[in-house]
Amino acid sequence: MNQSPKSSFSLMSVVCQTIGHKYTETRKITNHIHEYKCKHCGREVTENSAGKIELLTHRVRQVNNNVAEFFEKRNRRLTA
Ligand SMILES: [Zn+2]
């Protein structure tokens, strides 16, 4: 028998399932939207415009990039 353990099964993801993810802020998009990354399993999430946490997919990250850019420009104009 040749059974190699699957690396996708990590102890850390079990920790997260048990006690919950340990998110740290990785990026500020706006005053109300931030991106977070779990210290344990590396899962990335973000707040959406409705204030709910959702998975940070490639598409969502692009939306955030656009929002951040727009927000930055507007901020610069306000403070100038
Ligand atoms: Zn986690």
# chains A, B, ... in the order shown; residues from 1 in each chain; ligands from 1

$ residues_near_ligand --ligand "ligand 1" --cutoff "8 Å" --atoms "only C-alpha atoms and all ligand atoms" --output "list in words"
Met12, Ser13, Val15, Cys16, Gln17, Gly20, His21, Lys22, Tyr23, Lys37, Cys38, Lys39, His40, Cys41, Gly42 and Arg43 of chain A

$ select_by_dssp --residues "chain A" --states "helix (DSSP H, G or I)" --output "number ranges by chain"
A: 11-19, 58-79

$ select_by_dssp --residues "chain A" --states "strand (DSSP E)" --output "list in words"
Tyr23, Thr24, Glu25, Thr26, Arg27, Lys28, His34, Glu35, Tyr36, Lys37, Cys38, Glu44, Val45, Thr46, Glu47, Ile53, Glu54 and Leu55 of chain A

$ residues_around --residues "Asn75 (chain A)" --least-positions-apart "6" --cutoff "12 Å" --atoms "only C-alpha atoms" --output "list in words"
Ile29, Thr30, Asn31, Val67, Ala68 and Glu69 of chain A

$ write_last_selection --atoms "N, CA and C atoms" --output "mmCIF file, in the first residue's frame"
data_model
loop_
_atom_site.group_PDB
_atom_site.id
_atom_site.type_symbol
_atom_site.label_atom_id
_atom_site.label_comp_id
_atom_site.auth_asym_id
_atom_site.auth_seq_id
_atom_site.Cartn_x
_atom_site.Cartn_y
_atom_site.Cartn_z
ATOM 1 N N ILE A 29 -8.916 49.348 2.144
ATOM 2 C CA ILE A 29 -9.467 49.786 0.858
ATOM 3 C C ILE A 29 -10.132 51.148 1.034
ATOM 4 N N THR A 30 -11.083 51.204 1.939
ATOM 5 C CA THR A 30 -11.707 52.474 2.317
ATOM 6 C C THR A 30 -11.799 52.482 3.836
ATOM 7 N N ASN A 31 -12.443 53.493 4.380
ATOM 8 C CA ASN A 31 -12.630 53.535 5.835
ATOM 9 C C ASN A 31 -13.463 52.365 6.333
ATOM 10 N N VAL A 67 -11.872 50.155 -6.330
ATOM 11 C CA VAL A 67 -12.469 50.975 -5.271
ATOM 12 C C VAL A 67 -11.377 51.758 -4.542
ATOM 13 N N ALA A 68 -10.260 51.094 -4.240
ATOM 14 C CA ALA A 68 -9.157 51.734 -3.529
ATOM 15 C C ALA A 68 -8.590 52.897 -4.337
ATOM 16 N N GLU A 69 -8.462 52.669 -5.641
ATOM 17 C CA GLU A 69 -7.941 53.694 -6.528
ATOM 18 C C GLU A 69 -8.867 54.909 -6.539
#

$ residues_around --residues "His32 (chain A)" --least-positions-apart "4" --cutoff "9 Å" --atoms "only C-alpha atoms" --output "number ranges by chain"
A: 28, 47-49, 51

$ closest_residue --among "A:Leu56, A:Ser10, A:Gln62, A:Ile19" --to "Glu35 (chain A)" --atoms "only C-alpha atoms"
A:Leu56

$ atom_distance --atom1 "CA of Arg76 (chain A)" --atom2 "CA of Val45 (chain A)"
26.8 Å

$ atom_distance --atom1 "CA of Thr46 (chain A)" --atom2 "CA of Arg59 (chain A)"
11.9 Å

$ atom_distance --atom1 "CA of Lys73 (chain A)" --atom2 "CA of Thr57 (chain A)"
24.2 Å
